[in-house]
Each structure stands twice: as structure tokens, then as C-alpha cells.
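J.: This is final-v9.tsv, which holds TSV, C-alpha atoms:
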chain	number	residue	atom	x	y	z
A	15	MET	CA	-117.12	-78.86	-35.93
A	16	SER	CA	-114.94	-79.12	-39.03
A	17	TRP	CA	-112.26	-81.76	-39.62
A	18	GLU	CA	-109.54	-79.21	-38.94
A	19	GLN	CA	-111.14	-78.17	-35.69
A	20	LEU	CA	-111.37	-81.79	-34.62
A	21	LEU	CA	-107.69	-82.37	-35.39
A	22	ALA	CA	-106.77	-79.21	-33.51
A	23	PHE	CA	-108.83	-80.39	-30.55
A	24	ILE	CA	-107.09	-83.77	-30.55
A	25	ASP	CA	-103.69	-82.13	-30.92
A	26	MET	CA	-104.28	-79.94	-27.84
A	27	GLY	CA	-101.88	-77.30	-29.08
A	28	GLY	CA	-99.05	-79.81	-29.38
A	29	HIS	CA	-99.61	-81.17	-25.85
A	30	ALA	CA	-101.83	-84.09	-26.83
A	31	ALA	CA	-99.63	-86.77	-25.25
A	32	TYR	CA	-99.61	-84.96	-21.91
A	33	VAL	CA	-103.25	-83.95	-21.77
A	34	TRP	CA	-104.78	-87.16	-23.13
A	35	GLY	CA	-102.21	-89.21	-21.24
A	36	ALA	CA	-103.29	-87.64	-17.96
A	37	TYR	CA	-106.98	-88.25	-18.69
A	38	ALA	CA	-106.28	-91.80	-19.86
A	39	ILE	CA	-104.38	-92.67	-16.69
A	40	ALA	CA	-107.15	-91.22	-14.53
A	41	ALA	CA	-109.83	-93.09	-16.49
A	42	MET	CA	-107.91	-96.37	-16.24
A	43	GLY	CA	-107.42	-95.88	-12.52
A	44	LEU	CA	-111.08	-95.17	-11.87
A	45	VAL	CA	-112.25	-98.06	-14.06
A	46	TRP	CA	-109.81	-100.36	-12.27
A	47	GLU	CA	-111.14	-99.24	-8.89
A	48	GLY	CA	-114.69	-99.79	-10.07
A	49	VAL	CA	-113.90	-103.33	-11.25
A	50	VAL	CA	-112.11	-104.18	-8.00
A	51	LEU	CA	-115.06	-102.83	-5.99
A	52	TRP	CA	-117.53	-104.86	-8.02
A	53	MET	CA	-115.48	-108.06	-7.74
A	54	ARG	CA	-115.03	-107.65	-4.00
A	55	ARG	CA	-118.75	-107.10	-3.46
A	56	ARG	CA	-119.60	-110.07	-5.64
A	57	GLN	CA	-117.22	-112.32	-3.71
A	58	ALA	CA	-118.54	-111.08	-0.38
A	59	VAL	CA	-122.14	-111.73	-1.40
A	60	ASP	CA	-121.33	-115.12	-2.94
A	61	GLU	CA	-119.61	-116.26	0.24
A	62	GLN	CA	-122.48	-115.25	2.49
A	63	PRO	CA	-124.00	-118.36	4.10
A	64	MET	CA	-127.54	-118.90	2.90
A	65	SER	CA	-130.21	-118.09	5.44
A	66	ASP	CA	-133.85	-117.12	5.57
A	67	ASP	CA	-132.76	-113.50	5.43
A	68	ASP	CA	-131.77	-111.59	2.35
A	69	ALA	CA	-128.35	-112.94	1.35
A	70	SER	CA	-127.09	-109.44	0.61
A	71	ALA	CA	-127.92	-108.12	4.07
A	72	PRO	CA	-125.27	-108.16	6.77
A	73	SER	CA	-125.49	-110.92	9.31
A	74	CYS	CA	-125.51	-108.43	12.17
A	75	THR	CA	-123.67	-111.01	14.24
A	76	ALA	CA	-120.26	-109.47	13.99
A	77	ARG	CA	-119.04	-107.93	17.18
A	78	ARG	CA	-115.67	-106.68	16.22
B	23	MET	CA	-123.44	-100.47	31.29
B	24	SER	CA	-120.22	-99.76	29.45
B	25	ARG	CA	-119.09	-96.28	28.56
B	26	VAL	CA	-119.66	-96.84	24.84
B	27	PRO	CA	-123.44	-96.39	24.70
B	28	VAL	CA	-123.12	-93.31	26.92
B	29	ALA	CA	-120.53	-91.80	24.57
B	30	LEU	CA	-122.64	-92.68	21.54
B	31	SER	CA	-125.66	-90.99	23.06
B	32	THR	CA	-123.87	-87.67	22.54
B	33	LEU	CA	-124.29	-88.22	18.80
B	34	GLY	CA	-128.05	-87.90	19.11
B	35	PRO	CA	-130.09	-89.41	16.28
B	36	TRP	CA	-126.88	-90.23	14.37
B	37	ALA	CA	-126.01	-92.84	16.98
B	38	ARG	CA	-128.23	-95.41	15.26
B	39	TYR	CA	-125.87	-95.38	12.27
B	40	ALA	CA	-123.08	-96.64	14.52
B	41	ALA	CA	-124.72	-100.04	14.05
B	42	PRO	CA	-123.32	-101.79	10.94
B	43	GLU	CA	-126.74	-102.97	9.79
B	44	ALA	CA	-128.20	-99.43	9.83
B	45	CYS	CA	-125.10	-98.07	8.15
B	46	PHE	CA	-125.27	-100.84	5.54
B	47	ASP	CA	-128.81	-99.85	4.63
B	48	LEU	CA	-128.06	-96.12	4.57
B	49	ALA	CA	-124.99	-96.61	2.39
B	50	GLY	CA	-127.02	-98.76	0.01
B	51	ARG	CA	-129.64	-96.04	-0.35
B	52	LEU	CA	-127.14	-93.21	-0.85
B	53	GLN	CA	-124.69	-94.98	-3.12
B	54	PRO	CA	-126.58	-94.90	-6.47
B	55	HIS	CA	-127.14	-91.14	-6.20
B	56	PHE	CA	-123.41	-90.55	-5.80
B	57	TRP	CA	-122.50	-92.89	-8.69
B	58	TRP	CA	-124.90	-91.08	-11.00
B	59	GLY	CA	-123.78	-87.70	-9.70
B	60	ALA	CA	-120.15	-88.61	-10.33
B	61	ALA	CA	-120.88	-89.72	-13.89
B	62	LEU	CA	-122.94	-86.66	-14.79
B	63	LEU	CA	-120.54	-84.19	-13.20
B	64	ALA	CA	-117.52	-85.86	-14.79
B	65	LEU	CA	-119.08	-85.68	-18.25
B	66	THR	CA	-120.05	-82.05	-17.68
B	67	GLY	CA	-116.64	-81.13	-16.27
B	68	ALA	CA	-114.76	-82.89	-19.06
B	69	ALA	CA	-116.90	-81.19	-21.71
B	70	LEU	CA	-116.43	-77.77	-20.14
B	71	GLY	CA	-112.75	-78.28	-19.39
B	72	LEU	CA	-111.65	-79.88	-22.64
B	73	VAL	CA	-113.96	-78.19	-25.13
B	74	THR	CA	-115.66	-75.04	-23.85
B	75	ALA	CA	-113.05	-73.44	-21.60
B	76	PRO	CA	-110.64	-71.17	-23.49
B	77	ASP	CA	-106.96	-72.07	-23.58
B	78	GLN	CA	-104.61	-70.37	-21.18
B	79	PHE	CA	-102.19	-67.63	-22.07
B	80	ALA	CA	-99.09	-68.99	-20.38
B	81	GLN	CA	-99.54	-72.72	-20.85
B	82	GLY	CA	-101.78	-73.18	-23.88
B	83	ASP	CA	-103.84	-76.34	-23.78
B	84	ALA	CA	-101.50	-78.11	-21.33
B	85	TYR	CA	-103.31	-76.32	-18.49
B	86	ARG	CA	-106.39	-78.47	-19.20
B	87	ILE	CA	-104.78	-81.09	-16.99
B	88	VAL	CA	-105.78	-78.78	-14.13
B	89	PHE	CA	-109.34	-80.12	-14.39
B	90	LEU	CA	-107.99	-83.50	-13.36
B	91	HIS	CA	-105.00	-82.68	-11.25
B	92	VAL	CA	-106.53	-80.22	-8.81
B	93	PRO	CA	-109.61	-82.30	-7.90
B	94	ALA	CA	-107.48	-85.43	-7.47
B	95	ALA	CA	-104.92	-83.61	-5.32
B	96	TRP	CA	-107.64	-82.05	-3.18
B	97	MET	CA	-109.35	-85.39	-2.71
B	98	SER	CA	-106.09	-87.08	-1.74
B	99	LEU	CA	-105.89	-84.62	1.16
B	100	VAL	CA	-109.58	-84.56	2.05
B	101	ILE	CA	-109.79	-88.35	2.11
B	102	TYR	CA	-106.79	-88.71	4.40
B	103	LEU	CA	-108.26	-86.11	6.74
B	104	SER	CA	-111.55	-87.99	6.68
B	105	MET	CA	-109.71	-91.22	7.46
B	106	GLY	CA	-108.03	-89.53	10.39
B	107	LEU	CA	-111.37	-88.21	11.61
B	108	TRP	CA	-113.15	-91.54	11.36
B	109	ALA	CA	-110.18	-93.26	13.00
B	110	ALA	CA	-110.20	-90.76	15.86
B	111	VAL	CA	-113.94	-91.27	16.35
B	112	GLY	CA	-113.39	-95.02	16.31
B	113	LEU	CA	-110.63	-94.83	18.89
B	114	ALA	CA	-112.66	-92.49	21.10
B	115	LEU	CA	-116.05	-94.19	20.89
B	116	SER	CA	-115.06	-97.76	19.89
B	117	THR	CA	-117.54	-97.71	17.03
B	118	ARG	CA	-116.85	-100.44	14.51
B	119	VAL	CA	-118.42	-98.50	11.67
B	120	SER	CA	-115.91	-95.67	12.15
B	121	PHE	CA	-113.00	-98.08	11.73
B	122	MET	CA	-114.69	-99.65	8.71
B	123	MET	CA	-115.19	-96.24	7.13
B	124	ALA	CA	-111.53	-95.35	7.62
B	125	ARG	CA	-110.58	-98.68	6.05
B	126	ALA	CA	-112.99	-98.14	3.17
B	127	LEU	CA	-111.62	-94.70	2.35
B	128	ALA	CA	-107.96	-95.69	2.06
B	129	PRO	CA	-107.85	-97.35	-1.40
B	130	THR	CA	-109.78	-94.49	-2.98
B	131	GLY	CA	-107.46	-91.99	-1.33
B	132	ALA	CA	-104.44	-93.87	-2.61
B	133	MET	CA	-105.96	-93.87	-6.10
B	134	MET	CA	-106.55	-90.12	-5.94
B	135	THR	CA	-102.96	-89.58	-4.86
B	136	VAL	CA	-101.64	-91.68	-7.74
B	137	ILE	CA	-103.79	-89.70	-10.20
B	138	ALA	CA	-102.58	-86.42	-8.67
B	139	LEU	CA	-98.93	-87.46	-8.92
B	140	TRP	CA	-99.21	-88.79	-12.48
B	141	SER	CA	-101.22	-85.84	-13.77
B	142	GLY	CA	-98.81	-83.50	-11.99
B	143	ALA	CA	-95.88	-85.11	-13.78
B	144	LEU	CA	-97.68	-84.89	-17.11
B	145	TRP	CA	-98.50	-81.25	-16.42
B	146	GLY	CA	-95.05	-80.40	-15.15
B	147	LYS	CA	-93.13	-81.67	-18.15
B	148	PRO	CA	-94.54	-79.26	-20.77
B	149	THR	CA	-94.80	-76.32	-18.36
B	150	SER	CA	-91.63	-76.51	-16.27
B	151	GLY	CA	-89.56	-78.97	-18.31
B	152	GLU	CA	-89.35	-81.57	-15.55
B	153	TRP	CA	-91.36	-84.73	-14.93
B	154	TRP	CA	-90.48	-84.65	-11.28
B	155	VAL	CA	-88.53	-82.48	-8.87
B	156	TRP	CA	-87.81	-83.29	-5.25
B	157	ASP	CA	-89.41	-80.14	-3.90
B	158	ALA	CA	-91.40	-79.91	-0.69
B	159	GLN	CA	-94.90	-80.23	-2.09
B	160	LEU	CA	-94.27	-83.08	-4.50
B	161	SER	CA	-92.23	-84.97	-1.92
B	162	ALA	CA	-94.94	-84.45	0.69
B	163	GLU	CA	-97.59	-85.73	-1.74
B	164	LEU	CA	-95.44	-88.80	-2.44
B	165	LEU	CA	-95.09	-89.34	1.30
B	166	LEU	CA	-98.88	-89.14	1.54
B	167	LEU	CA	-99.10	-92.00	-0.96
B	168	PHE	CA	-96.73	-94.04	1.21
B	169	LEU	CA	-98.94	-93.29	4.22
B	170	TYR	CA	-101.96	-94.61	2.33
B	171	LEU	CA	-100.08	-97.72	1.26
B	172	GLY	CA	-98.70	-98.18	4.77
B	173	PHE	CA	-102.22	-97.97	6.20
B	174	ILE	CA	-103.54	-100.55	3.72
B	175	LEU	CA	-100.60	-102.94	4.19
B	176	LEU	CA	-100.61	-102.60	7.97
B	177	GLN	CA	-104.27	-103.54	8.17
B	178	ALA	CA	-103.81	-106.35	5.66
B	179	THR	CA	-100.98	-107.96	7.60
B	180	ILE	CA	-102.81	-108.11	10.97
B	181	ASP	CA	-105.30	-110.96	11.09
B	182	ASP	CA	-107.18	-109.87	14.18
B	183	PRO	CA	-109.70	-107.26	12.95
B	184	VAL	CA	-109.79	-105.36	16.25
B	185	ARG	CA	-106.02	-104.98	16.41
B	186	SER	CA	-105.91	-104.29	12.67
B	187	ASP	CA	-108.51	-101.54	13.00
B	188	ARG	CA	-106.78	-99.89	15.93
B	189	ALA	CA	-103.28	-100.08	14.46
B	190	GLY	CA	-104.51	-98.57	11.21
B	191	ALA	CA	-106.47	-95.93	13.06
B	192	LEU	CA	-103.40	-94.86	14.98
B	193	LEU	CA	-101.45	-94.49	11.73
B	194	ALA	CA	-104.32	-92.54	10.16
B	195	VAL	CA	-104.54	-90.13	13.09
B	196	VAL	CA	-100.78	-89.58	13.33
B	197	GLY	CA	-100.41	-89.38	9.55
B	198	SER	CA	-103.01	-86.61	9.33
B	199	VAL	CA	-100.21	-84.24	10.26
B	200	GLN	CA	-98.98	-84.76	6.71
B	201	VAL	CA	-102.06	-83.13	5.17
B	202	PRO	CA	-101.34	-79.52	6.22
B	203	VAL	CA	-97.71	-80.10	5.26
B	204	VAL	CA	-98.78	-80.85	1.69
B	205	TRP	CA	-101.29	-78.00	1.64
B	206	PHE	CA	-98.97	-75.31	3.00
B	207	ALA	CA	-95.74	-76.50	1.37
B	208	LEU	CA	-96.31	-73.92	-1.36
B	209	GLN	CA	-96.26	-71.05	1.13
B	210	TRP	CA	-93.67	-72.49	3.52
B	211	TRP	CA	-90.95	-73.65	1.17
B	212	GLY	CA	-91.92	-72.68	-2.36
B	213	THR	CA	-92.19	-75.38	-4.97
B	214	ARG	CA	-92.08	-76.01	-8.67
B	215	GLN	CA	-95.74	-75.09	-8.62
B	216	ARG	CA	-94.95	-71.59	-7.35
B	217	GLY	CA	-93.94	-70.65	-10.86
B	218	ILE	CA	-97.12	-72.11	-12.25
B	219	ALA	CA	-99.22	-70.38	-9.61
B	220	ALA	CA	-97.48	-67.06	-10.23
B	221	ALA	CA	-98.06	-67.38	-13.95
B	222	VAL	CA	-101.73	-68.11	-13.40
B	223	GLY	CA	-102.09	-65.41	-10.76
B	224	SER	CA	-100.66	-62.73	-13.04
B	225	LEU	CA	-103.40	-63.35	-15.56
B	226	PRO	CA	-106.93	-61.98	-15.53
B	227	PRO	CA	-109.40	-64.02	-13.47
B	228	MET	CA	-110.22	-67.42	-14.89
B	229	ALA	CA	-112.93	-67.56	-17.49
B	230	ALA	CA	-116.35	-68.48	-16.17
B	231	TRP	CA	-116.32	-71.71	-18.18
B	232	THR	CA	-112.98	-72.66	-16.67
B	233	VAL	CA	-114.30	-72.13	-13.15
B	234	ALA	CA	-117.49	-74.03	-13.99
B	235	GLY	CA	-115.51	-76.95	-15.44
B	236	LEU	CA	-113.23	-77.09	-12.44
B	237	ALA	CA	-116.20	-76.98	-10.06
B	238	ALA	CA	-117.92	-79.80	-11.93
B	239	MET	CA	-114.81	-81.98	-11.83
B	240	VAL	CA	-114.30	-81.31	-8.14
B	241	GLY	CA	-117.90	-82.35	-7.58
B	242	ALA	CA	-117.38	-85.47	-9.68
B	243	PHE	CA	-114.32	-86.52	-7.67
B	244	TRP	CA	-116.17	-85.90	-4.40
B	245	ALA	CA	-119.14	-87.95	-5.57
B	246	TRP	CA	-116.92	-90.78	-6.84
B	247	SER	CA	-114.97	-90.91	-3.60
B	248	ILE	CA	-118.13	-91.04	-1.48
B	249	ALA	CA	-119.78	-93.66	-3.69
B	250	ALA	CA	-116.68	-95.89	-3.82
B	251	SER	CA	-116.15	-95.65	-0.08
B	252	LEU	CA	-119.76	-96.48	0.72
B	253	HIS	CA	-119.63	-99.39	-1.69
B	254	ARG	CA	-116.42	-100.71	-0.13
B	255	MET	CA	-117.77	-100.28	3.39
B	256	ARG	CA	-120.78	-102.44	2.55
B	257	SER	CA	-118.39	-105.13	1.31
B	258	ILE	CA	-116.38	-104.89	4.53
B	259	ILE	CA	-119.54	-105.29	6.61
B	260	LEU	CA	-120.51	-108.35	4.58
B	261	GLU	CA	-117.01	-109.83	4.91
B	262	ARG	CA	-116.97	-109.40	8.66
B	263	GLY	CA	-120.36	-110.95	9.08
B	264	LEU	CA	-119.13	-113.87	7.01
B	265	ASP	CA	-116.01	-114.24	9.15
B	266	VAL	CA	-118.01	-114.48	12.33
B	267	ARG	CA	-120.36	-117.09	10.93
B	268	LEU	CA	-117.43	-119.15	9.69
B	269	ALA	CA	-115.69	-118.82	13.01
B	270	ARG	CA	-118.76	-120.13	14.78
B	271	THR	CA	-119.20	-122.99	12.33
B	272	HIS	CA	-115.51	-123.79	12.08
B	273	PRO	CA	-113.78	-122.93	15.36
B	274	GLU	CA	-110.40	-123.58	13.79
B	275	GLY	CA	-111.05	-120.74	11.40
B	276	ALA	CA	-110.80	-123.08	8.42
Have the structure of the file written as C-alpha cells, please.
T.:
Amino acid sequence: MSWEQLLAFIDMGGHAAYVWGAYAIAAMGLVWEGVVLWMRRRQAVDEQPMSDDDASAPSCTARR
Amino acid sequence: MSRVPVALSTLGPWARYAAPEACFDLAGRLQPHFWWGAALLALTGAALGLVTAPDQFAQGDAYRIVFLHVPAAWMSLVIYLSMGLWAAVGLALSTRVSFMMARALAPTGAMMTVIALWSGALWGKPTSGEWWVWDAQLSAELLLLFLYLGFILLQATIDDPVRSDRAGALLAVVGSVQVPVVWFALQWWGTRQRGIAAAVGSLPPMAAWTVAGLAAMVGAFWAWSIAASLHRMRSIILERGLDVRLARTHPEGA
């Protein structure tokens, strides 16, 4: 791919702001969701009371 | 014996996954495959959609937003329908896992709706000249976002998990009516997208690479949604187990 072809690709036919903007928003949203998921899991595991069982396994005592 | 085990017995071998511990294990086994599938399909779809697929006659390169917009819009509908289904199963069979699954799907569905709305605005501006128009389909999609947010807020504001689950489930089931409204708005009322669809429809069939890229991105969004929901459901199961232990240790709920 030549330099001109790369510039043309980035320019997206004059619609770069729209095309890359859409992909950037989607990427940010998905990364944000991934981080929130990871933090929630980490907090849930950290707050599990220690027992003889695997700390990451559910307590199986919930009845709701 | 209560009616619940009898009702669950109709599910056959699947009934064992109505138990949170079995579901927790199954979700843990499935989850990595969907994460990897989402990553690989997204890379493939982005490469095909942004690089390989030819530009489009009527819209130039702006149409490449379709590889993002269509999968996100489809998933926003599919996820709400799934929520409604899980909620209905939960209400009918009183299975906790069904309520948890409906709860786990909502944030991902809301995210998909936001992506669909934003990418739609960014696609609409260069193709129709407007960021937003209050037509039937866009308004219905915005209402779908409010339904997702309403579901999440409703469940967050009710402390009792049983009441929270059932209230949210009712909203999910009733709100499912909105899904066909969004889907058929194009045919029923005509929308800004009618012009886009007509322009696309008047052209020769989509290039094979375009179809392949779209299919890969749809697969990626499906895989992401399943993986994220399974991941969130495992966290919900952990949180509820924790709540019960705390409640037993600290009756005041401190």
C-alpha cells in the first residue's frame, strides 16, 4: 500500500470524521463495557467470604 | 411439592441449568469461546468492511458505517426480545436464573442501542443531511433505549431482589411490544432510512466482500453480547450469594 493509498483510506472519500467517528464511539463503548464488567467481577470475587470452597464459586445458598 | 419443580421438569435435561451453580459453571466454560470469537470476527469484519469491500455508488465510503450500525441495531432488538423471553420464563417458572439472565442482558442491550443511535446519526448526516429526524423508526429506537434504561433503573431502585426481578421482568415483557414497532416502522410509516434503503435497493446486489464483512460483524456483535451477558450473570450470581451470607452474618443487613 502506497502513501497515497493510505491517505485515501484514512480520508474515506471525505467522510473520515463520520466513518472513524462511528467506529471510535463503538470501540469506546465496548471497551467501557469490558472494563465495567471486569471491575464488577473483581469486586464480587473480592467480597466473597473466604471458605473452604473455591472463592470464585457461587455460595449456592441464595434462594431468591 | 410445589409447582415449580413440576414446571421445570418440562424443560428436560435443560432443567439442571435452572440452578445458579450449574449455570455459573456452564457460563464460565462458554464465555472464553465467545470472547475470542467476538475478537476474531470483529477483526475480520472490520478488515473486510473498511479495506476489502468496494465503496458504494450512492454513498461512497460513508456507507462503511453500515458494518457497525446494522449489527448494533439488530442486537438492540434481539437483546430486548431475549430479555422479554427470559423474563417471561422467569415469571412463568419462577426460575432465578431466568431473572438474572434478563438483568444481565440489559446493559449490553442499552450499549448496542447507543451505538446504533450514534452510528445512525453519523451515517445520516453525510447521506441525508440530518443528524437526527423525529421519524418513526429513529423515535422508536430512542424509546427502546429509554426502555432499557428504565429496566436498569427500576431494578436498581428496588432493594428486595425478588420484587426487583419481577418488576423488571414485567417491564421487559410489556416493553417487548416495542421491538416489532422498531423493526416494521420502515414499512408502516416510512422513515429517513427509506431513502437510503431505496438507494441501496436500486443498485446491483452487494459485493460478496460486503456481505462477508457484514456477516462477520453481525457474528462479532452476537458473540460479544453473549460473552458480556454470561460474564455479567456470573457476577450477579456471586453478588447474590454474598448478600445472603452477609444477611445471615449480619441480620441488620449492615
J.: Build an axis-aligned box that encloses every atom of region 55-59 of chain A listed in the file, pad it by 4 Å on each side, and report its centre and edge lengths in Å to one decimal, as lines of an AutoDock Vina configuration file.
T.:
center_x = -119.7
center_y = -109.7
center_z = -3.0
size_x = 12.9
size_y = 13.2
size_z = 13.3
J.: Check the smallest atom-to-atom distance from each of B:Leu139, B:Ala84, B:Met255, B:Ala40 to Gly28 (chain A) using only C-alpha atoms, then report the winner.
T.: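 Checking each of B:Leu139, B:Ala84, B:Met255, B:Ala40 against Gly28 (chain A), counting only C-alpha atoms, the winner is B:Ala84.
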J.: With only C-alpha atoms as the counted atoms, please give the residues lying no more than 7 Å from region 140-145 of chain B, apart from itself and same-chain residues fewer than 5 positions off, as a PDB file with C-alpha atoms, in the coordinates of the input.
T.:
ATOM      1  CA  TYR A  32     -99.610 -84.960 -21.910  1.00  0.00           C
ATOM      2  CA  ALA A  36    -103.290 -87.640 -17.960  1.00  0.00           C
TER       3      ALA A  36
ATOM      4  CA  ALA B  84    -101.500 -78.110 -21.330  1.00  0.00           C
ATOM      5  CA  ILE B  87    -104.780 -81.090 -16.990  1.00  0.00           C
ATOM      6  CA  HIS B  91    -105.000 -82.680 -11.250  1.00  0.00           C
ATOM      7  CA  TRP B 153     -91.360 -84.730 -14.930  1.00  0.00           C
ATOM      8  CA  TRP B 154     -90.480 -84.650 -11.280  1.00  0.00           C
TER       9      TRP B 154
END
J.: If you count only C-alpha atoms, which residues fall within 12 Å of Ala30 (chain A), apart from same-chain ones fewer than 2 positions away, as an MDAnalysis selection string?
T.: (chainID A and resid 21:28 32:38) or (chainID B and resid 72 82:87 144:145 148)
J.: Looking at B:Trp246, B:Phe56, B:Phe206, B:Trp231, which one is nearest to chain A, with distances taken over all atoms listed in the file?
T.: B:Trp246
J.: Report the distance between CA of Arg262 (chain B) and CA of Val195 (chain B) in Å, rounded to one decimal place.
T.: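 Atom-to-atom, CA of Arg262 (chain B) and CA of Val195 (chain B) are spaced 23.4 Å apart.
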J.: Using CA of Ala207 (chain B) and CA of Tyr170 (chain B) as the two end points, give the distance in Å to one decimal.
T.: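 Straight-line distance from CA of Ala207 (chain B) to CA of Tyr170 (chain B) works out to 19.2 Å.
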J.: How would you write as a PyMOL selection string the residues that get within 12 Å of (-107.5, -92.3, -1.7) in the file's frame, counting all atoms listed in the file?
T.: (chain A and resi 43-44+47) or (chain B and resi 93-105+124-138+163+166-171+173-174+243-244+246-248+250-251)
J.: Quick check, in Å to one decimal: how far apart do CA of Val203 (chain B) and CA of Ala162 (chain B) lie?
T.: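 That distance, rounded to one decimal, is 6.9 Å.
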J.: Set the distance at 12 Å and use all atoms listed in the file: which residues neighbour Val196 (chain B) once local chain neighbours fewer than 2 positions away are removed? I'd like the list as a list in words.
T.: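 Skipping anything fewer than 2 positions along the chain leaves Tyr102, Leu103, Met105, Gly106, Leu107, Ala109, Ala110, Leu166, Leu169, Phe173, Ala189, Gly190, Ala191, Leu192, Leu193, Ala194, Ser198, Val199, Gln200 and Val201 of chain B.
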J.: Could you tell me which of B:Val73, B:Ala238, B:Leu208, B:Val233 comes closest to chain A if we count only C-alpha atoms?
T.: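 Under the stated criterion, the closest residue is B:Val73.
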J.: B:Gln209, B:Ser186, B:Gln177, B:Thr66: which is nearest chain A, counting only C-alpha atoms?
T.: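 Ranked by minimum distance to chain A, first place goes to B:Ser186.
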J.: With distances taken over all atoms listed in the file, which residue among B:Met239, B:Ile258, B:Leu62, B:Ala229 lies nearest Asp77 (chain B)?
T.: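 Once distances to Asp77 (chain B) are computed over all atoms listed in the file, the minimum belongs to B:Ala229.
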J.: Counting all atoms listed in the file, figure out which residue out of B:Ala242, B:Leu90, B:Cys45, B:Ala64 gets nearest to Ala40 (chain A).
T.: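 Nearest to Ala40 (chain A): B:Leu90.
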